[in-house]
$ cat upload_18.cif   # mmCIF, C-alpha atoms and all ligand atoms
data_input
#
loop_
_atom_site.group_PDB
_atom_site.id
_atom_site.type_symbol
_atom_site.label_atom_id
_atom_site.label_comp_id
_atom_site.auth_asym_id
_atom_site.auth_seq_id
_atom_site.Cartn_x
_atom_site.Cartn_y
_atom_site.Cartn_z
ATOM 1 C CA MET W 49 6.110 30.691 30.590
ATOM 2 C CA PHE W 50 8.846 28.475 32.062
ATOM 3 C CA VAL W 51 12.054 30.454 32.501
ATOM 4 C CA GLY W 52 14.078 27.385 33.542
ATOM 5 C CA LYS W 53 16.891 29.435 35.057
ATOM 6 C CA LYS W 54 18.422 29.716 38.504
ATOM 7 C CA ILE W 55 17.146 32.876 40.182
ATOM 8 C CA ALA W 56 18.486 34.572 43.311
ATOM 9 C CA ILE W 57 16.538 37.401 44.934
ATOM 10 C CA ILE W 58 18.630 39.713 47.087
ATOM 11 C CA GLY W 59 16.224 41.272 49.608
ATOM 12 C CA VAL W 60 13.079 39.231 50.109
ATOM 13 C CA GLY W 61 11.080 42.107 51.624
ATOM 14 C CA LYS W 62 7.676 43.375 50.453
ATOM 15 C CA MET W 63 8.480 43.544 46.754
ATOM 16 C CA GLY W 64 11.060 40.734 46.729
ATOM 17 C CA GLU W 65 8.558 38.382 48.355
ATOM 18 C CA THR W 66 5.857 39.448 45.908
ATOM 19 C CA LEU W 67 8.132 38.471 43.026
ATOM 20 C CA LEU W 68 9.163 35.268 44.776
ATOM 21 C CA SER W 69 5.561 34.140 45.257
ATOM 22 C CA GLY W 70 4.677 35.160 41.670
ATOM 23 C CA ILE W 71 7.554 33.074 40.316
ATOM 24 C CA ILE W 72 6.492 30.080 42.438
ATOM 25 C CA LYS W 73 2.738 30.349 41.714
ATOM 26 C CA ASN W 74 3.393 30.537 38.003
ATOM 27 C CA ASN W 75 5.960 27.712 38.019
ATOM 28 C CA LEU W 76 8.541 29.864 36.232
ATOM 29 C CA VAL W 77 11.394 27.871 37.765
ATOM 30 C CA ARG W 78 11.770 24.816 39.957
ATOM 31 C CA LYS W 79 11.844 25.595 43.686
ATOM 32 C CA GLU W 80 15.365 24.200 43.972
ATOM 33 C CA ASP W 81 16.444 26.822 41.420
ATOM 34 C CA LEU W 82 15.069 29.683 43.472
ATOM 35 C CA SER W 83 16.757 31.337 46.432
ATOM 36 C CA GLY W 84 16.472 34.535 48.415
ATOM 37 C CA SER W 85 18.431 36.562 50.927
ATOM 38 C CA THR W 86 17.532 38.938 53.735
ATOM 39 C CA ALA W 87 19.526 40.992 56.237
ATOM 40 C CA GLN W 88 18.258 39.151 59.318
ATOM 41 C CA GLU W 89 18.680 35.456 59.904
ATOM 42 C CA GLU W 90 15.238 35.075 61.509
ATOM 43 C CA HIS W 91 13.585 36.543 58.425
ATOM 44 C CA ALA W 92 15.596 34.259 56.139
ATOM 45 C CA LYS W 93 14.406 31.229 58.159
ATOM 46 C CA LYS W 94 10.769 32.318 57.912
ATOM 47 C CA ILE W 95 11.009 32.707 54.131
ATOM 48 C CA ALA W 96 12.708 29.314 53.804
ATOM 49 C CA GLU W 97 9.908 27.643 55.786
ATOM 50 C CA LYS W 98 7.090 29.496 54.061
ATOM 51 C CA TYR W 99 8.225 28.813 50.492
ATOM 52 C CA ASN W 100 10.432 25.775 50.927
ATOM 53 C CA ILE W 101 13.389 27.415 49.182
ATOM 54 C CA MET W 102 17.041 27.996 50.098
ATOM 55 C CA THR W 103 17.623 31.304 51.853
ATOM 56 C CA TYR W 104 20.820 33.097 52.784
ATOM 57 C CA ILE W 105 22.123 36.086 54.647
ATOM 58 C CA GLU W 106 25.352 35.960 52.638
ATOM 59 C CA ASN W 107 24.671 37.396 49.179
ATOM 60 C CA LYS W 108 28.067 36.471 47.831
ATOM 61 C CA GLU W 109 27.501 32.816 48.634
ATOM 62 C CA MET W 110 23.966 32.838 47.228
ATOM 63 C CA ILE W 111 24.667 34.253 43.788
ATOM 64 C CA VAL W 112 27.318 31.714 42.774
ATOM 65 C CA GLY W 113 26.010 29.638 39.845
ATOM 66 C CA LYS W 114 22.782 31.634 39.498
ATOM 67 C CA ASP W 115 21.613 32.898 36.076
ATOM 68 C CA ILE W 116 19.484 35.818 37.225
ATOM 69 C CA ILE W 117 20.095 38.030 40.261
ATOM 70 C CA ILE W 118 17.223 40.264 41.307
ATOM 71 C CA LEU W 119 18.204 43.240 43.479
ATOM 72 C CA ALA W 120 15.163 43.976 45.642
ATOM 73 C CA ILE W 121 16.829 45.859 48.494
ATOM 74 C CA LYS W 122 16.225 49.503 49.379
ATOM 75 C CA PRO W 123 18.072 52.001 47.142
ATOM 76 C CA GLN W 124 20.344 53.044 50.015
ATOM 77 C CA MET W 125 21.560 49.430 50.354
ATOM 78 C CA ILE W 126 22.537 49.053 46.688
ATOM 79 C CA ARG W 127 26.096 50.319 47.029
ATOM 80 C CA LYS W 128 26.806 48.017 49.983
ATOM 81 C CA VAL W 129 25.312 44.948 48.298
ATOM 82 C CA ILE W 130 27.075 45.568 44.993
ATOM 83 C CA THR W 131 30.368 45.914 46.822
ATOM 84 C CA GLU W 132 29.686 42.537 48.455
ATOM 85 C CA ILE W 133 28.924 40.681 45.218
ATOM 86 C CA LYS W 134 31.302 42.535 42.899
ATOM 87 C CA GLU W 135 34.098 39.948 43.051
ATOM 88 C CA VAL W 136 31.943 36.931 42.261
ATOM 89 C CA VAL W 137 29.385 38.294 39.803
ATOM 90 C CA SER W 138 30.106 37.357 36.174
ATOM 91 C CA GLU W 139 29.158 38.624 32.727
ATOM 92 C CA LYS W 140 27.125 35.443 32.151
ATOM 93 C CA GLN W 141 24.674 36.501 34.851
ATOM 94 C CA LEU W 142 21.762 38.895 34.392
ATOM 95 C CA ILE W 143 21.084 41.499 37.061
ATOM 96 C CA ILE W 144 17.578 42.892 37.405
ATOM 97 C CA SER W 145 17.294 45.810 39.809
ATOM 98 C CA ILE W 146 13.951 47.036 41.106
ATOM 99 C CA ALA W 147 15.529 49.691 43.318
ATOM 100 C CA ALA W 148 13.902 53.064 42.739
ATOM 101 C CA ALA W 149 16.153 55.835 41.430
ATOM 102 C CA ILE W 150 19.203 53.599 40.827
ATOM 103 C CA SER W 151 20.340 53.687 37.203
ATOM 104 C CA THR W 152 21.664 50.767 35.150
ATOM 105 C CA HIS W 153 24.703 52.956 34.462
ATOM 106 C CA PHE W 154 25.425 53.259 38.202
ATOM 107 C CA ILE W 155 25.308 49.476 38.664
ATOM 108 C CA GLU W 156 27.351 48.767 35.513
ATOM 109 C CA GLU W 157 30.039 51.276 36.525
ATOM 110 C CA TYR W 158 30.174 50.093 40.101
ATOM 111 C CA LEU W 159 30.594 46.456 39.068
ATOM 112 C CA GLU W 160 33.341 47.385 36.587
ATOM 113 C CA LYS W 161 32.370 44.467 34.312
ATOM 114 C CA LYS W 162 30.213 44.195 31.205
ATOM 115 C CA ILE W 163 27.277 42.845 33.186
ATOM 116 C CA PRO W 164 23.798 42.928 31.620
ATOM 117 C CA VAL W 165 21.611 45.025 33.920
ATOM 118 C CA ILE W 166 17.875 45.599 33.551
ATOM 119 C CA ARG W 167 16.148 48.227 35.640
ATOM 120 C CA ALA W 168 12.562 47.339 36.531
ATOM 121 C CA MET W 169 9.857 49.331 38.256
ATOM 122 C CA PRO W 170 7.017 47.065 39.409
ATOM 123 C CA ASN W 171 4.168 48.075 41.731
ATOM 124 C CA THR W 172 2.459 46.438 44.706
ATOM 125 C CA PRO W 173 -0.660 45.064 42.923
ATOM 126 C CA ALA W 174 1.861 42.526 41.579
ATOM 127 C CA LEU W 175 0.944 40.701 44.797
ATOM 128 C CA ILE W 176 -2.388 39.740 43.200
ATOM 129 C CA ASN W 177 -1.012 39.447 39.638
ATOM 130 C CA GLU W 178 -2.437 42.887 38.745
ATOM 131 C CA GLY W 179 0.804 44.823 38.753
ATOM 132 C CA ILE W 180 2.409 46.815 35.997
ATOM 133 C CA THR W 181 6.173 46.802 35.538
ATOM 134 C CA VAL W 182 8.270 48.980 33.313
ATOM 135 C CA LEU W 183 11.600 47.521 32.167
ATOM 136 C CA CYS W 184 14.554 49.493 30.914
ATOM 137 C CA PRO W 185 17.584 47.642 29.510
ATOM 138 C CA GLY W 186 21.144 48.669 30.299
ATOM 139 C CA ARG W 187 23.873 48.787 27.659
ATOM 140 C CA TYR W 188 24.928 45.094 27.788
ATOM 141 C CA VAL W 189 21.400 43.639 27.600
ATOM 142 C CA ASP W 190 20.230 41.585 24.600
ATOM 143 C CA ASN W 191 16.764 40.350 23.571
ATOM 144 C CA HIS W 192 17.223 37.062 25.376
ATOM 145 C CA HIS W 193 17.815 38.893 28.670
ATOM 146 C CA LEU W 194 14.783 41.093 28.082
ATOM 147 C CA GLN W 195 12.636 38.053 27.340
ATOM 148 C CA MET W 196 13.608 36.489 30.684
ATOM 149 C CA ALA W 197 12.662 39.689 32.512
ATOM 150 C CA LEU W 198 9.385 39.826 30.552
ATOM 151 C CA ASN W 199 8.570 36.294 31.698
ATOM 152 C CA ILE W 200 9.330 37.044 35.344
ATOM 153 C CA PHE W 201 7.376 40.288 35.612
ATOM 154 C CA GLY W 202 4.691 39.070 33.192
ATOM 155 C CA ALA W 203 3.861 36.473 35.862
ATOM 156 C CA VAL W 204 2.662 39.238 38.179
ATOM 157 C CA GLY W 205 0.949 41.631 35.770
ATOM 158 C CA LEU W 206 1.437 43.710 32.648
ATOM 159 C CA VAL W 207 4.886 44.715 31.400
ATOM 160 C CA GLU W 208 6.073 47.658 29.342
ATOM 161 C CA ILE W 209 9.577 48.302 27.993
ATOM 162 C CA ILE W 210 11.179 51.700 27.596
ATOM 163 C CA GLN W 211 14.608 52.559 26.215
ATOM 164 C CA ARG W 212 15.012 56.100 27.570
ATOM 165 C CA GLU W 213 16.109 55.546 31.136
ATOM 166 C CA GLU W 214 15.565 59.162 32.175
ATOM 167 C CA LEU W 215 11.829 58.369 31.986
ATOM 168 C CA MET W 216 12.128 55.849 34.834
ATOM 169 C CA ASP W 217 11.758 58.701 37.357
ATOM 170 C CA VAL W 218 8.299 59.558 36.094
ATOM 171 C CA VAL W 219 7.415 55.858 35.819
ATOM 172 C CA THR W 220 8.353 55.527 39.502
ATOM 173 C CA ALA W 221 6.220 58.549 40.356
ATOM 174 C CA LEU W 222 3.236 57.348 38.305
ATOM 175 C CA SER W 223 2.854 53.575 38.446
ATOM 176 C CA GLY W 224 5.359 52.790 41.222
ATOM 177 C CA SER W 225 3.854 55.234 43.724
ATOM 178 C CA GLY W 226 0.431 55.300 42.026
ATOM 179 C CA PRO W 227 -1.256 52.631 44.167
ATOM 180 C CA ALA W 228 -0.820 54.967 47.172
ATOM 181 C CA TYR W 229 -2.571 57.827 45.371
ATOM 182 C CA THR W 230 -5.358 55.506 44.328
ATOM 183 C CA TYR W 231 -5.940 54.247 47.875
ATOM 184 C CA ILE W 232 -6.485 57.848 48.960
ATOM 185 C CA ILE W 233 -9.068 58.276 46.207
ATOM 186 C CA ILE W 234 -10.851 55.067 47.251
ATOM 187 C CA GLU W 235 -10.728 56.127 50.899
ATOM 188 C CA SER W 236 -12.136 59.561 50.114
ATOM 189 C CA LEU W 237 -14.967 58.290 47.903
ATOM 190 C CA THR W 238 -15.820 55.856 50.687
ATOM 191 C CA GLU W 239 -15.871 58.715 53.189
ATOM 192 C CA GLY W 240 -18.263 60.608 50.913
ATOM 193 C CA GLY W 241 -20.598 57.604 50.816
ATOM 194 C CA VAL W 242 -20.413 57.203 54.594
ATOM 195 C CA ARG W 243 -21.077 60.911 55.086
ATOM 196 C CA MET W 244 -24.245 60.546 53.049
ATOM 197 C CA GLY W 245 -25.404 57.473 54.976
ATOM 198 C CA LEU W 246 -23.960 54.356 53.320
ATOM 199 C CA PRO W 247 -22.585 51.591 55.541
ATOM 200 C CA ARG W 248 -18.777 51.816 55.420
ATOM 201 C CA GLU W 249 -18.123 48.337 54.031
ATOM 202 C CA LEU W 250 -20.605 48.826 51.240
ATOM 203 C CA ALA W 251 -19.237 52.298 50.448
ATOM 204 C CA GLN W 252 -15.688 50.886 50.253
ATOM 205 C CA ARG W 253 -16.713 48.058 47.927
ATOM 206 C CA LEU W 254 -18.601 50.503 45.704
ATOM 207 C CA SER W 255 -15.599 52.850 45.547
ATOM 208 C CA ALA W 256 -12.994 50.175 44.842
ATOM 209 C CA GLN W 257 -15.042 48.284 42.245
ATOM 210 C CA THR W 258 -15.981 51.568 40.542
ATOM 211 C CA LEU W 259 -12.302 52.484 40.147
ATOM 212 C CA LEU W 260 -11.484 48.978 38.961
ATOM 213 C CA GLY W 261 -14.360 48.931 36.447
ATOM 214 C CA ALA W 262 -13.555 52.401 35.109
ATOM 215 C CA ALA W 263 -9.863 51.497 34.787
ATOM 216 C CA LYS W 264 -10.767 48.349 32.842
ATOM 217 C CA MET W 265 -13.035 50.402 30.547
ATOM 218 C CA VAL W 266 -10.055 52.613 29.668
ATOM 219 C CA LEU W 267 -7.718 49.653 29.102
ATOM 220 C CA LYS W 268 -10.201 47.456 27.223
ATOM 221 C CA THR W 269 -11.880 50.064 24.982
ATOM 222 C CA GLY W 270 -8.750 52.161 24.435
ATOM 223 C CA MET W 271 -11.101 55.166 24.477
ATOM 224 C CA HIS W 272 -10.083 58.575 25.780
ATOM 225 C CA PRO W 273 -11.173 58.902 29.437
ATOM 226 C CA ALA W 274 -12.928 62.184 28.616
ATOM 227 C CA LEU W 275 -15.287 60.368 26.192
ATOM 228 C CA LEU W 276 -16.014 57.680 28.771
ATOM 229 C CA LYS W 277 -16.711 60.416 31.329
ATOM 230 C CA ASP W 278 -19.107 62.134 28.914
ATOM 231 C CA ALA W 279 -21.069 58.886 28.599
ATOM 232 C CA VAL W 280 -21.792 58.991 32.369
ATOM 233 C CA THR W 281 -22.651 62.682 32.402
ATOM 234 C CA THR W 282 -26.325 63.281 31.598
ATOM 235 C CA PRO W 283 -27.216 66.934 30.862
ATOM 236 C CA ALA W 284 -28.514 68.569 34.059
ATOM 237 C CA GLY W 285 -28.044 65.208 35.794
ATOM 238 C CA VAL W 286 -26.366 64.100 38.993
ATOM 239 C CA THR W 287 -22.812 63.411 37.760
ATOM 240 C CA VAL W 288 -22.157 66.880 36.406
ATOM 241 C CA ASP W 289 -22.733 68.375 39.850
ATOM 242 C CA GLY W 290 -20.216 65.941 41.327
ATOM 243 C CA LEU W 291 -17.731 66.785 38.567
ATOM 244 C CA MET W 292 -18.104 70.478 39.277
ATOM 245 C CA GLU W 293 -17.086 69.904 42.894
ATOM 246 C CA LEU W 294 -14.047 67.900 41.756
ATOM 247 C CA GLU W 295 -12.959 70.689 39.418
ATOM 248 C CA ASP W 296 -13.554 73.259 42.134
ATOM 249 C CA GLY W 297 -11.263 71.266 44.449
ATOM 250 C CA GLY W 298 -8.572 71.205 41.761
ATOM 251 C CA ILE W 299 -8.416 67.437 41.453
ATOM 252 C CA ARG W 300 -6.712 67.458 38.053
ATOM 253 C CA VAL W 301 -4.010 69.923 39.007
ATOM 254 C CA THR W 302 -3.495 68.147 42.320
ATOM 255 C CA LEU W 303 -2.900 64.784 40.633
ATOM 256 C CA ILE W 304 -0.675 66.306 37.950
ATOM 257 C CA LYS W 305 1.349 68.029 40.685
ATOM 258 C CA ALA W 306 1.590 64.809 42.689
ATOM 259 C CA VAL W 307 3.195 62.963 39.767
ATOM 260 C CA SER W 308 5.438 65.945 38.967
ATOM 261 C CA ARG W 309 6.631 66.373 42.564
ATOM 262 C CA ALA W 310 7.261 62.654 43.009
ATOM 263 C CA THR W 311 9.230 62.619 39.736
ATOM 264 C CA GLU W 312 11.417 65.445 41.038
ATOM 265 C CA LYS W 313 11.950 63.511 44.266
ATOM 266 C CA SER W 314 13.011 60.418 42.335
ATOM 267 C CA LYS W 315 15.469 62.566 40.349
ATOM 268 C CA GLU W 316 16.823 64.066 43.580
ATOM 269 C CA ILE W 317 17.394 60.590 45.051
ATOM 270 C CA SER W 318 19.078 59.371 41.840
ATOM 271 C CA GLN W 319 21.669 62.069 42.262
HETATM 272 N N1 LIG K 401 7.198 48.651 47.799
HETATM 273 C C1 LIG K 401 6.912 49.156 46.598
HETATM 274 O O1 LIG K 401 5.805 49.586 46.286
HETATM 275 C C2 LIG K 401 7.979 49.152 45.520
HETATM 276 C C3 LIG K 401 7.597 49.340 44.190
HETATM 277 C C4 LIG K 401 8.594 49.320 43.213
HETATM 278 C C5 LIG K 401 9.918 49.158 43.563
HETATM 279 N N2 LIG K 401 10.253 49.019 44.872
HETATM 280 C C6 LIG K 401 11.673 48.878 45.204
HETATM 281 O O2 LIG K 401 11.851 47.620 45.796
HETATM 282 C C7 LIG K 401 12.958 47.685 46.691
HETATM 283 C C8 LIG K 401 12.548 47.008 47.994
HETATM 284 O O3 LIG K 401 11.473 47.723 48.554
HETATM 285 P P1 LIG K 401 10.509 47.035 49.624
HETATM 286 O O4 LIG K 401 9.371 47.949 49.786
HETATM 287 O O5 LIG K 401 10.285 45.610 49.234
HETATM 288 O O6 LIG K 401 11.474 47.093 50.924
HETATM 289 P P2 LIG K 401 11.511 46.143 52.199
HETATM 290 O O7 LIG K 401 10.181 45.527 52.455
HETATM 291 O O8 LIG K 401 12.162 46.932 53.289
HETATM 292 O O9 LIG K 401 12.504 44.964 51.768
HETATM 293 C C9 LIG K 401 13.884 45.082 51.737
HETATM 294 C C10 LIG K 401 14.468 43.732 52.096
HETATM 295 O O10 LIG K 401 15.869 43.809 51.895
HETATM 296 C C11 LIG K 401 16.467 43.014 52.886
HETATM 297 N N3 LIG K 401 17.869 43.427 53.031
HETATM 298 C C12 LIG K 401 18.377 44.552 53.593
HETATM 299 N N4 LIG K 401 19.728 44.547 53.506
HETATM 300 C C13 LIG K 401 20.062 43.401 52.871
HETATM 301 C C14 LIG K 401 21.287 42.811 52.488
HETATM 302 N N5 LIG K 401 22.460 43.417 52.712
HETATM 303 N N6 LIG K 401 21.270 41.619 51.863
HETATM 304 C C15 LIG K 401 20.104 40.994 51.607
HETATM 305 N N7 LIG K 401 18.891 41.490 51.937
HETATM 306 C C16 LIG K 401 18.889 42.670 52.572
HETATM 307 C C17 LIG K 401 15.659 43.258 54.137
HETATM 308 O O11 LIG K 401 15.860 42.150 54.999
HETATM 309 P P3 LIG K 401 15.281 42.108 56.504
HETATM 310 O O12 LIG K 401 13.796 42.021 56.372
HETATM 311 O O13 LIG K 401 15.867 40.851 57.063
HETATM 312 O O14 LIG K 401 15.741 43.357 57.174
HETATM 313 C C18 LIG K 401 14.243 43.329 53.551
HETATM 314 O O15 LIG K 401 13.631 42.074 53.601
HETATM 315 C C19 LIG K 401 13.309 49.162 46.893
HETATM 316 O O16 LIG K 401 14.513 49.442 46.222
HETATM 317 C C20 LIG K 401 12.156 49.906 46.254
HETATM 318 O O17 LIG K 401 12.582 51.085 45.618
HETATM 319 C C21 LIG K 401 9.318 48.976 45.853
#

$ encode --input "upload_18.cif" --output "structure tokens"
Amino acid sequence: MFVGKKIAIIGVGKMGETLLSGIIKNNLVRKEDLSGSTAQEEHAKKIAEKYNIMTYIENKEMIVGKDIIILAIKPQMIRKVITEIKEVVSEKQLIISIAAAISTHFIEEYLEKKIPVIRAMPNTPALINEGITVLCPGRYVDNHHLQMALNIFGAVGLVEIIQREELMDVVTALSGSGPAYTYIIIESLTEGGVRMGLPRELAQRLSAQTLLGAAKMVLKTGMHPALLKDAVTTPAGVTVDGLMELEDGGIRVTLIKAVSRATEKSKEISQ
């Protein structure tokens, strides 16, 4: 859906560039209404050439006259960047921050203005339009602001909205970090196939497509994963033996602990 606004992305790194290319591919705004900044001039030049957009290394200069400012820098850079833009940012602009562990409250307080701030947690499959983003509105955000954020992140995958910001730590630990956990699962299933004689490339394709297919079954049928698992598990068959090994290795507890530990880490960083 055409957003038709002027968007500035502060920090065109991995995630900033993913959003930039999603916005361009989906024609959400005209290229002349899109700009991005980086820390290094060389990087800014490369982005300008690659996407044919205006790029900057001066954030303050870039955000003037823009409707939406996306903060896509590392969390530890947030304070510095907000200090830079504080003077020029206005209440008519919408700020969307994808920085992990940085609250809307922190940004609102630091800016000392009634600026609408939306916190967003996307994930890397956004690069192929298969991401999932969770949005959480700050206190000055209205439905129109949320709709703009929905359009932007909807261009690169699914979008969910939550109101309770304290849940953003677990969102970060689950869907933000989740692709990394999943790659380990794909890698390990592949290794199992290779160990038992499959060519590596074939084993990797089988693993990845199996995860993708199973994930789509859950999303499309809405069925409980346990019921879907039962449908694969023939009495005294092959699958049940594999499942027993997984349980013996503590896969459930391990994954639950991974999300719990990462949530704690996100909370620690927020403080
Ligand atoms: N990667 C993920 O999976 C993921 C998922 C969800 C959310 N996030 C969030 O996304 C944010 C960015 O992460 P990332 O992985 O994309 O990091 P990244 O690849 O390191 O990108 C950060 C970018 O910020 C630029 N930058 C640094 N200081 C700047 C400044 N003062 N002004 C303008 N640009 C500046 C850097 O420019 P140079 O390249 O020129 O140094 C770099 O391009 C983080 O807050 C992270 O929590 C990431």

$ residues_near_point --input "upload_18.cif" --point "(4.1, 55.1, 45.6)" --cutoff "12 Å" --atoms "only C-alpha atoms" --output "ChimeraX atom specification"
/W:148,169-173,217-232,306-307,309-311,313-314

$ residues_near_point --input "upload_18.cif" --point "(26.2, 34.0, 40.3)" --cutoff "8 Å" --atoms "all atoms listed in the file" --output "ChimeraX atom specification"
/W:110-117,136-138,141

$ atom_distance --input "upload_18.cif" --atom1 "CA of Ile299 in chain W" --atom2 "atom C2 of ligand LIG 401 (chain K)"
24.9 Å

$ residues_near_ligand --input "upload_18.cif" --ligand "ligand LIG 401 (chain K)" --cutoff "7 Å" --atoms "only C-alpha atoms and all ligand atoms" --output "ChimeraX atom specification"
/W:58-64,85-89,91-92,105,107,120-123,125,128-129,146-148,169-172,224-225

$ residues_around --input "upload_18.cif" --residues "Phe154 in chain W" --least-positions-apart "3" --cutoff "12 Å" --atoms "all atoms listed in the file" --output "compact mmCIF listing (two decimals) with C-alpha atoms, in the frame of the given file"
# COMPACT_ATOMS: atom_id res chain seq x y z
CA PRO W 123 18.07 52.00 47.14
CA ILE W 126 22.54 49.05 46.69
CA ARG W 127 26.10 50.32 47.03
CA ILE W 130 27.08 45.57 44.99
CA SER W 145 17.29 45.81 39.81
CA ALA W 147 15.53 49.69 43.32
CA ALA W 149 16.15 55.84 41.43
CA ILE W 150 19.20 53.60 40.83
CA SER W 151 20.34 53.69 37.20
CA GLU W 157 30.04 51.28 36.52
CA TYR W 158 30.17 50.09 40.10
CA LEU W 159 30.59 46.46 39.07
CA GLU W 160 33.34 47.38 36.59
CA LYS W 161 32.37 44.47 34.31
CA ILE W 163 27.28 42.84 33.19
CA VAL W 165 21.61 45.02 33.92
CA ILE W 166 17.88 45.60 33.55
CA ARG W 167 16.15 48.23 35.64
CA GLY W 186 21.14 48.67 30.30
CA ARG W 187 23.87 48.79 27.66
CA GLU W 213 16.11 55.55 31.14
CA SER W 318 19.08 59.37 41.84
CA GLN W 319 21.67 62.07 42.26

$ resolve_selection --input "upload_18.cif" --expression "the PyMOL selection byres (((chain W and resi 238) around 10) and not hetatm)" --output "tab-separated table (two decimals) with C-alpha atoms, in the coordinates of the input"
chain	number	residue	atom	x	y	z
W	232	ILE	CA	-6.48	57.85	48.96
W	233	ILE	CA	-9.07	58.28	46.21
W	234	ILE	CA	-10.85	55.07	47.25
W	235	GLU	CA	-10.73	56.13	50.90
W	236	SER	CA	-12.14	59.56	50.11
W	237	LEU	CA	-14.97	58.29	47.90
W	239	GLU	CA	-15.87	58.72	53.19
W	240	GLY	CA	-18.26	60.61	50.91
W	241	GLY	CA	-20.60	57.60	50.82
W	242	VAL	CA	-20.41	57.20	54.59
W	243	ARG	CA	-21.08	60.91	55.09
W	244	MET	CA	-24.24	60.55	53.05
W	246	LEU	CA	-23.96	54.36	53.32
W	247	PRO	CA	-22.58	51.59	55.54
W	248	ARG	CA	-18.78	51.82	55.42
W	249	GLU	CA	-18.12	48.34	54.03
W	250	LEU	CA	-20.60	48.83	51.24
W	251	ALA	CA	-19.24	52.30	50.45
W	252	GLN	CA	-15.69	50.89	50.25
W	253	ARG	CA	-16.71	48.06	47.93
W	254	LEU	CA	-18.60	50.50	45.70
W	255	SER	CA	-15.60	52.85	45.55
W	256	ALA	CA	-12.99	50.18	44.84

$ residues_around --input "upload_18.cif" --residues "Gly84 in chain W" --least-positions-apart "3" --cutoff "6 Å" --atoms "all atoms listed in the file" --output "JSON, numbers by chain"
{"W": [56, 57, 58, 103]}

$ residues_around --input "upload_18.cif" --residues "range 197-206 of chain W" --least-positions-apart "3" --cutoff "10 Å" --atoms "all atoms listed in the file" --output "ChimeraX atom specification"
/W:49-51,66-77,116,118,142-144,166-183,185,191-194,209

$ write_last_selection --input "upload_18.cif" --atoms "C-alpha atoms" --output "mmCIF file, keeping the file's coordinate frame"
data_model
loop_
_atom_site.group_PDB
_atom_site.id
_atom_site.type_symbol
_atom_site.label_atom_id
_atom_site.label_comp_id
_atom_site.auth_asym_id
_atom_site.auth_seq_id
_atom_site.Cartn_x
_atom_site.Cartn_y
_atom_site.Cartn_z
ATOM 1 C CA MET W 49 6.110 30.691 30.590
ATOM 2 C CA PHE W 50 8.846 28.475 32.062
ATOM 3 C CA VAL W 51 12.054 30.454 32.501
ATOM 4 C CA THR W 66 5.857 39.448 45.908
ATOM 5 C CA LEU W 67 8.132 38.471 43.026
ATOM 6 C CA LEU W 68 9.163 35.268 44.776
ATOM 7 C CA SER W 69 5.561 34.140 45.257
ATOM 8 C CA GLY W 70 4.677 35.160 41.670
ATOM 9 C CA ILE W 71 7.554 33.074 40.316
ATOM 10 C CA ILE W 72 6.492 30.080 42.438
ATOM 11 C CA LYS W 73 2.738 30.349 41.714
ATOM 12 C CA ASN W 74 3.393 30.537 38.003
ATOM 13 C CA ASN W 75 5.960 27.712 38.019
ATOM 14 C CA LEU W 76 8.541 29.864 36.232
ATOM 15 C CA VAL W 77 11.394 27.871 37.765
ATOM 16 C CA ILE W 116 19.484 35.818 37.225
ATOM 17 C CA ILE W 118 17.223 40.264 41.307
ATOM 18 C CA LEU W 142 21.762 38.895 34.392
ATOM 19 C CA ILE W 143 21.084 41.499 37.061
ATOM 20 C CA ILE W 144 17.578 42.892 37.405
ATOM 21 C CA ILE W 166 17.875 45.599 33.551
ATOM 22 C CA ARG W 167 16.148 48.227 35.640
ATOM 23 C CA ALA W 168 12.562 47.339 36.531
ATOM 24 C CA MET W 169 9.857 49.331 38.256
ATOM 25 C CA PRO W 170 7.017 47.065 39.409
ATOM 26 C CA ASN W 171 4.168 48.075 41.731
ATOM 27 C CA THR W 172 2.459 46.438 44.706
ATOM 28 C CA PRO W 173 -0.660 45.064 42.923
ATOM 29 C CA ALA W 174 1.861 42.526 41.579
ATOM 30 C CA LEU W 175 0.944 40.701 44.797
ATOM 31 C CA ILE W 176 -2.388 39.740 43.200
ATOM 32 C CA ASN W 177 -1.012 39.447 39.638
ATOM 33 C CA GLU W 178 -2.437 42.887 38.745
ATOM 34 C CA GLY W 179 0.804 44.823 38.753
ATOM 35 C CA ILE W 180 2.409 46.815 35.997
ATOM 36 C CA THR W 181 6.173 46.802 35.538
ATOM 37 C CA VAL W 182 8.270 48.980 33.313
ATOM 38 C CA LEU W 183 11.600 47.521 32.167
ATOM 39 C CA PRO W 185 17.584 47.642 29.510
ATOM 40 C CA ASN W 191 16.764 40.350 23.571
ATOM 41 C CA HIS W 192 17.223 37.062 25.376
ATOM 42 C CA HIS W 193 17.815 38.893 28.670
ATOM 43 C CA LEU W 194 14.783 41.093 28.082
ATOM 44 C CA ILE W 209 9.577 48.302 27.993
#

$ atom_distance --input "upload_18.cif" --atom1 "CA of Pro273 in chain W" --atom2 "CA of Arg300 in chain W"
12.9 Å

$ atom_distance --input "upload_18.cif" --atom1 "CA of Thr152 in chain W" --atom2 "CA of Lys108 in chain W"
20.2 Å

$ axis_aligned_box --input "upload_18.cif" --around "range 164-178 of chain W" --padding-each-side "3 Å" --output "lines of an AutoDock Vina configuration file"
center_x = 10.7
center_y = 44.4
center_z = 38.2
size_x = 32.2
size_y = 15.9
size_z = 19.2

$ closest_residue --input "upload_18.cif" --among "W:Leu294, W:Leu119, W:Cys184, W:Ala262" --to "Ala279 in chain W" --atoms "only C-alpha atoms"
W:Ala262
